[in-house]
Amino acid sequence: MLRWARACKALHGALSLGRPSSARMPETLRSSSGGGRGDAEPRPLPLSYKLLDGEATLPAIVLLHGLFGSKTNFNSIAKALVLQTGRRVLTIDARNHGNSPHSPDVSYEAMSQDLQDLLPRLGLAPCVLIGHSMGGKTGMLLALQRPELVDRLIPVDISPVTHTSLSHFSTYVAAMKAVDIPDELPLSCARKLADEQLSRVVQNLAVRQFLLTNLVEVHGRLGWRVNLDALAQHMDQILAFPQRQESYSGPTLFLIGGDSTFVQPSHHPEMKRLFPWAQMQTVPNAGHWVHADRPQDFVAAVKGFLA
């Protein structure tokens, strides 16, 4: 391990000394596409997804990740849900995340439109829609706009309100954009260097490791697979929730991390107004990433809600 660390440090030093102008910020790998803010209606993007097979007569489970995440966040959860419920399970990369295309439009209306296109095309509507954080807001909006597509809804540690106290997400984006890596540095060393640079701003190791899952190499190019430019410009849209008058009358479970502060008692009236049949369940000893902190309790809560 020490030899590996010294090799990375030596290589970084050699590259820096040999080519002082070669250091650069990792690029965003996919150029922007899709509907811009001037479009009358958001244009759906062809999202990347993975479908695990199960009983076709039961509504499929659809898992939506949060900000900076990807469908791989739910790999083990998806497999467990297939085994324990017998249902098909779909995991999806949201636009501007994972392997899905990039777009300057980061609105929840656009992300909902992507699902309105994808789910019927895959024959998975109506579905059980489970969304964490940003994915939960997307799921809630879809249920309000197109209730016929959603059999049951589970927003995970999120509520349908504007979250004004989450400025650290913008800090994460700025820190990722500021990462400076020499072109020739191998990915393993580059990841270590990026971690060192992020640690100046993001002290939590688990959060840094999560953010660094977005640093990838494709065809010899190192870059962030999440669209940092779009997120930086429109973070206010991600933290907000569209104003809606209609309600969703289907079964709804707000699954909340016991150690998280994302869902506040002051949010409850709006949660009940938009989702009058909603239940609330707290998962003890779980933070915001409920499915990662307490995976067995998460799966048990989903199973109980579907029973």
# chains A, B, ... in the order shown; residues from 1 in each chain; ligands from 1
call {"tool": "closest_atom_pairs", "arguments": {"of": "range 154-189 of chain A", "to": "range 236-260 of chain A", "cutoff": "12 Å", "atoms": "only C-alpha atoms", "output": "Markdown table"}}
result
| residue | atom | partner | partner_atom | distance |
| --- | --- | --- | --- | --- |
| A:Ile154 | CA | A:Leu253 | CA | 4.8 |
| A:Pro155 | CA | A:Phe254 | CA | 5.2 |
| A:Val156 | CA | A:Leu255 | CA | 4.8 |
| A:Asp157 | CA | A:Ile256 | CA | 4.4 |
| A:Ile158 | CA | A:Ile256 | CA | 7.5 |
| A:Ser159 | CA | A:Phe254 | CA | 8.0 |
| A:Pro160 | CA | A:Phe241 | CA | 5.8 |
| A:Val161 | CA | A:Phe241 | CA | 5.4 |
| A:Thr162 | CA | A:Ala240 | CA | 3.9 |
| A:His163 | CA | A:Leu239 | CA | 5.3 |
| A:Thr164 | CA | A:Leu239 | CA | 6.9 |
| A:Ser165 | CA | A:Leu239 | CA | 9.0 |
| A:Leu166 | CA | A:Leu239 | CA | 7.5 |
| A:Ser167 | CA | A:Leu239 | CA | 9.0 |
| A:His168 | CA | A:Leu239 | CA | 11.1 |
| A:Phe169 | CA | A:Leu239 | CA | 9.1 |
| A:Ser170 | CA | A:Asp236 | CA | 9.2 |
call {"tool": "select_by_dssp", "arguments": {"residues": "range 78-300 of chain A", "states": "alpha helix (DSSP H)", "output": "ChimeraX atom specification"}}
result
/A:78-85,108-121,134-145,168-178,187-198,205-212,228-233,235-239,268-274,290-293,295-300
call {"tool": "closest_residue", "arguments": {"among": "A:Thr213, A:Gln203, A:Asn285, A:Ser103", "to": "Leu187 in chain A", "atoms": "only C-alpha atoms"}}
result
A:Thr213
call {"tool": "closest_residue", "arguments": {"among": "A:Glu217, A:Glu270, A:Asp293, A:Asp151", "to": "Asp183 in chain A", "atoms": "only C-alpha atoms"}}
result
A:Glu217
call {"tool": "atom_distance", "arguments": {"atom1": "CA of Arg88 in chain A", "atom2": "CA of Val106 in chain A"}}
result
27.9 Å
call {"tool": "closest_residue", "arguments": {"among": "A:Met271, A:Ala206, A:Leu67, A:Leu45", "to": "Asp105 in chain A", "atoms": "only C-alpha atoms"}}
result
A:Leu45
call {"tool": "closest_residue", "arguments": {"among": "A:Gln145, A:Thr171, A:Ser112, A:Gln84", "to": "Leu306 in chain A", "atoms": "only C-alpha atoms"}}
result
A:Gln84
call {"tool": "residues_around", "arguments": {"residues": "Tyr172 in chain A", "least_positions_apart": "3", "cutoff": "10 Å", "atoms": "only C-alpha atoms", "output": "PDB file with all heavy atoms, in the first residue's frame"}}
result
ATOM      1  N   PHE A  68     -26.077  13.315  -7.508  1.00  0.00           N
ATOM      2  CA  PHE A  68     -24.717  12.770  -7.630  1.00  0.00           C
ATOM      3  C   PHE A  68     -24.695  11.246  -7.686  1.00  0.00           C
ATOM      4  O   PHE A  68     -23.618  10.647  -7.747  1.00  0.00           O
ATOM      5  CB  PHE A  68     -23.808  13.221  -6.468  1.00  0.00           C
ATOM      6  CG  PHE A  68     -23.724  14.697  -6.265  1.00  0.00           C
ATOM      7  CD1 PHE A  68     -24.194  15.275  -5.087  1.00  0.00           C
ATOM      8  CD2 PHE A  68     -23.171  15.526  -7.226  1.00  0.00           C
ATOM      9  CE1 PHE A  68     -24.120  16.646  -4.883  1.00  0.00           C
ATOM     10  CE2 PHE A  68     -23.088  16.894  -7.027  1.00  0.00           C
ATOM     11  CZ  PHE A  68     -23.566  17.456  -5.855  1.00  0.00           C
ATOM     12  N   SER A 167     -27.227  24.075   1.324  1.00  0.00           N
ATOM     13  CA  SER A 167     -26.229  24.759   0.506  1.00  0.00           C
ATOM     14  C   SER A 167     -24.967  23.920   0.314  1.00  0.00           C
ATOM     15  O   SER A 167     -24.167  24.200  -0.586  1.00  0.00           O
ATOM     16  CB  SER A 167     -25.863  26.103   1.139  1.00  0.00           C
ATOM     17  OG  SER A 167     -25.336  25.915   2.446  1.00  0.00           O
ATOM     18  N   HIS A 168     -24.785  22.887   1.151  1.00  0.00           N
ATOM     19  CA  HIS A 168     -23.576  22.068   1.013  1.00  0.00           C
ATOM     20  C   HIS A 168     -23.549  21.331  -0.325  1.00  0.00           C
ATOM     21  O   HIS A 168     -22.482  20.972  -0.808  1.00  0.00           O
ATOM     22  CB  HIS A 168     -23.447  21.074   2.170  1.00  0.00           C
ATOM     23  CG  HIS A 168     -24.607  20.156   2.350  1.00  0.00           C
ATOM     24  ND1 HIS A 168     -25.756  20.531   3.003  1.00  0.00           N
ATOM     25  CD2 HIS A 168     -24.812  18.872   1.962  1.00  0.00           C
ATOM     26  CE1 HIS A 168     -26.603  19.514   3.026  1.00  0.00           C
ATOM     27  NE2 HIS A 168     -26.055  18.504   2.399  1.00  0.00           N
ATOM     28  N   PHE A 169     -24.701  21.119  -0.963  1.00  0.00           N
ATOM     29  CA  PHE A 169     -24.698  20.477  -2.278  1.00  0.00           C
ATOM     30  C   PHE A 169     -23.993  21.361  -3.303  1.00  0.00           C
ATOM     31  O   PHE A 169     -23.231  20.871  -4.145  1.00  0.00           O
ATOM     32  CB  PHE A 169     -26.127  20.174  -2.733  1.00  0.00           C
ATOM     33  CG  PHE A 169     -26.747  18.982  -2.039  1.00  0.00           C
ATOM     34  CD1 PHE A 169     -28.058  19.011  -1.631  1.00  0.00           C
ATOM     35  CD2 PHE A 169     -26.009  17.832  -1.806  1.00  0.00           C
ATOM     36  CE1 PHE A 169     -28.631  17.915  -0.995  1.00  0.00           C
ATOM     37  CE2 PHE A 169     -26.568  16.728  -1.176  1.00  0.00           C
ATOM     38  CZ  PHE A 169     -27.886  16.774  -0.764  1.00  0.00           C
ATOM     39  N   ALA A 175     -16.467  22.119  -5.342  1.00  0.00           N
ATOM     40  CA  ALA A 175     -15.254  21.368  -5.000  1.00  0.00           C
ATOM     41  C   ALA A 175     -14.895  20.383  -6.108  1.00  0.00           C
ATOM     42  O   ALA A 175     -13.712  20.221  -6.449  1.00  0.00           O
ATOM     43  CB  ALA A 175     -15.448  20.636  -3.673  1.00  0.00           C
ATOM     44  N   MET A 176     -15.892  19.715  -6.674  1.00  0.00           N
ATOM     45  CA  MET A 176     -15.634  18.767  -7.771  1.00  0.00           C
ATOM     46  C   MET A 176     -15.125  19.498  -9.007  1.00  0.00           C
ATOM     47  O   MET A 176     -14.205  19.031  -9.684  1.00  0.00           O
ATOM     48  CB  MET A 176     -16.903  17.981  -8.083  1.00  0.00           C
ATOM     49  CG  MET A 176     -17.335  17.042  -6.967  1.00  0.00           C
ATOM     50  SD  MET A 176     -19.028  16.427  -7.139  1.00  0.00           S
ATOM     51  CE  MET A 176     -18.814  15.191  -8.432  1.00  0.00           C
ATOM     52  N   LYS A 177     -15.703  20.653  -9.315  1.00  0.00           N
ATOM     53  CA  LYS A 177     -15.270  21.422 -10.479  1.00  0.00           C
ATOM     54  C   LYS A 177     -13.845  21.943 -10.311  1.00  0.00           C
ATOM     55  O   LYS A 177     -13.136  22.173 -11.302  1.00  0.00           O
ATOM     56  CB  LYS A 177     -16.229  22.597 -10.730  1.00  0.00           C
ATOM     57  CG  LYS A 177     -17.571  22.181 -11.311  1.00  0.00           C
ATOM     58  CD  LYS A 177     -18.560  23.338 -11.345  1.00  0.00           C
ATOM     59  CE  LYS A 177     -18.164  24.430 -12.313  1.00  0.00           C
ATOM     60  NZ  LYS A 177     -18.269  24.005 -13.725  1.00  0.00           N
ATOM     61  N   ALA A 178     -13.417  22.129  -9.067  1.00  0.00           N
ATOM     62  CA  ALA A 178     -12.087  22.672  -8.802  1.00  0.00           C
ATOM     63  C   ALA A 178     -10.986  21.612  -8.800  1.00  0.00           C
ATOM     64  O   ALA A 178      -9.799  21.950  -8.750  1.00  0.00           O
ATOM     65  CB  ALA A 178     -12.082  23.405  -7.460  1.00  0.00           C
ATOM     66  N   LEU A 198     -10.472  17.134  -2.720  1.00  0.00           N
ATOM     67  CA  LEU A 198     -11.832  17.283  -2.201  1.00  0.00           C
ATOM     68  C   LEU A 198     -11.848  17.384  -0.680  1.00  0.00           C
ATOM     69  O   LEU A 198     -12.716  18.052  -0.101  1.00  0.00           O
ATOM     70  CB  LEU A 198     -12.696  16.088  -2.639  1.00  0.00           C
ATOM     71  CG  LEU A 198     -13.193  16.054  -4.075  1.00  0.00           C
ATOM     72  CD1 LEU A 198     -13.952  14.747  -4.335  1.00  0.00           C
ATOM     73  CD2 LEU A 198     -14.097  17.240  -4.376  1.00  0.00           C
ATOM     74  N   VAL A 201     -12.408  20.556   1.344  1.00  0.00           N
ATOM     75  CA  VAL A 201     -13.745  21.144   1.451  1.00  0.00           C
ATOM     76  C   VAL A 201     -14.743  20.138   2.025  1.00  0.00           C
ATOM     77  O   VAL A 201     -15.596  20.480   2.844  1.00  0.00           O
ATOM     78  CB  VAL A 201     -14.245  21.634   0.075  1.00  0.00           C
ATOM     79  CG1 VAL A 201     -15.661  22.183   0.163  1.00  0.00           C
ATOM     80  CG2 VAL A 201     -13.296  22.682  -0.487  1.00  0.00           C
ATOM     81  N   VAL A 202     -14.640  18.867   1.598  1.00  0.00           N
ATOM     82  CA  VAL A 202     -15.574  17.814   2.013  1.00  0.00           C
ATOM     83  C   VAL A 202     -14.847  16.906   3.005  1.00  0.00           C
ATOM     84  O   VAL A 202     -14.091  16.021   2.615  1.00  0.00           O
ATOM     85  CB  VAL A 202     -16.070  17.002   0.792  1.00  0.00           C
ATOM     86  CG1 VAL A 202     -17.131  15.995   1.223  1.00  0.00           C
ATOM     87  CG2 VAL A 202     -16.604  17.923  -0.292  1.00  0.00           C
ATOM     88  N   VAL A 207     -18.817  10.662   2.143  1.00  0.00           N
ATOM     89  CA  VAL A 207     -19.362  11.567   1.120  1.00  0.00           C
ATOM     90  C   VAL A 207     -18.368  11.721  -0.031  1.00  0.00           C
ATOM     91  O   VAL A 207     -18.750  11.687  -1.205  1.00  0.00           O
ATOM     92  CB  VAL A 207     -19.711  12.936   1.728  1.00  0.00           C
ATOM     93  CG1 VAL A 207     -20.098  13.932   0.637  1.00  0.00           C
ATOM     94  CG2 VAL A 207     -20.845  12.799   2.734  1.00  0.00           C
ATOM     95  N   ARG A 208     -17.071  11.871   0.291  1.00  0.00           N
ATOM     96  CA  ARG A 208     -16.055  11.990  -0.767  1.00  0.00           C
ATOM     97  C   ARG A 208     -16.033  10.739  -1.636  1.00  0.00           C
ATOM     98  O   ARG A 208     -15.956  10.810  -2.862  1.00  0.00           O
ATOM     99  CB  ARG A 208     -14.666  12.228  -0.172  1.00  0.00           C
ATOM    100  CG  ARG A 208     -14.480  13.587   0.452  1.00  0.00           C
ATOM    101  CD  ARG A 208     -13.001  13.964   0.529  1.00  0.00           C
ATOM    102  NE  ARG A 208     -12.152  12.959   1.129  1.00  0.00           N
ATOM    103  CZ  ARG A 208     -11.953  12.816   2.433  1.00  0.00           C
ATOM    104  NH1 ARG A 208     -12.585  13.614   3.281  1.00  0.00           N
ATOM    105  NH2 ARG A 208     -11.132  11.887   2.890  1.00  0.00           N
ATOM    106  N   LEU A 211     -18.977  10.851  -3.948  1.00  0.00           N
ATOM    107  CA  LEU A 211     -18.783  11.806  -5.038  1.00  0.00           C
ATOM    108  C   LEU A 211     -17.786  11.274  -6.067  1.00  0.00           C
ATOM    109  O   LEU A 211     -17.957  11.469  -7.276  1.00  0.00           O
ATOM    110  CB  LEU A 211     -18.297  13.151  -4.483  1.00  0.00           C
ATOM    111  CG  LEU A 211     -19.238  13.897  -3.540  1.00  0.00           C
ATOM    112  CD1 LEU A 211     -18.579  15.173  -3.026  1.00  0.00           C
ATOM    113  CD2 LEU A 211     -20.568  14.229  -4.230  1.00  0.00           C
ATOM    114  N   LEU A 228     -21.792  18.611 -14.021  1.00  0.00           N
ATOM    115  CA  LEU A 228     -21.551  19.603 -12.986  1.00  0.00           C
ATOM    116  C   LEU A 228     -21.960  21.007 -13.412  1.00  0.00           C
ATOM    117  O   LEU A 228     -22.455  21.795 -12.597  1.00  0.00           O
ATOM    118  CB  LEU A 228     -20.078  19.586 -12.576  1.00  0.00           C
ATOM    119  CG  LEU A 228     -19.582  18.312 -11.887  1.00  0.00           C
ATOM    120  CD1 LEU A 228     -18.087  18.392 -11.634  1.00  0.00           C
ATOM    121  CD2 LEU A 228     -20.330  18.074 -10.575  1.00  0.00           C
ATOM    122  N   ALA A 232     -24.535  23.151 -11.282  1.00  0.00           N
ATOM    123  CA  ALA A 232     -24.063  24.392 -10.668  1.00  0.00           C
ATOM    124  C   ALA A 232     -24.959  25.569 -11.036  1.00  0.00           C
ATOM    125  O   ALA A 232     -25.259  26.431 -10.204  1.00  0.00           O
ATOM    126  CB  ALA A 232     -22.621  24.671 -11.099  1.00  0.00           C
TER     127      ALA A 232
END
call {"tool": "closest_atom_pairs", "arguments": {"of": "range 35-65 of chain A", "to": "range 113-131 of chain A", "cutoff": "7 Å", "atoms": "only C-alpha atoms", "output": "CSV"}}
result
residue,atom,partner,partner_atom,distance
A:Pro42,CA,A:Gln113,CA,6.7
A:Pro44,CA,A:Asp114,CA,4.4
A:Leu45,CA,A:Asp114,CA,5.8
A:Pro59,CA,A:Cys127,CA,4.9
A:Ala60,CA,A:Cys127,CA,5.0
A:Ile61,CA,A:Val128,CA,4.7
A:Val62,CA,A:Leu129,CA,5.0
A:Leu63,CA,A:Ile130,CA,5.0
A:Leu64,CA,A:Gly131,CA,4.4
A:His65,CA,A:Gly131,CA,6.2
call {"tool": "select_by_dssp", "arguments": {"residues": "range 8-224 of chain A", "states": "strand (DSSP E)", "output": "number ranges by chain"}}
result
A: 23-24, 27-28, 49-52, 61-64, 89-92, 127-132, 150-156, 181-182, 215-218, 221-224
call {"tool": "atom_distance", "arguments": {"atom1": "CA of Phe298 in chain A", "atom2": "CA of Leu58 in chain A"}}
result
20.1 Å
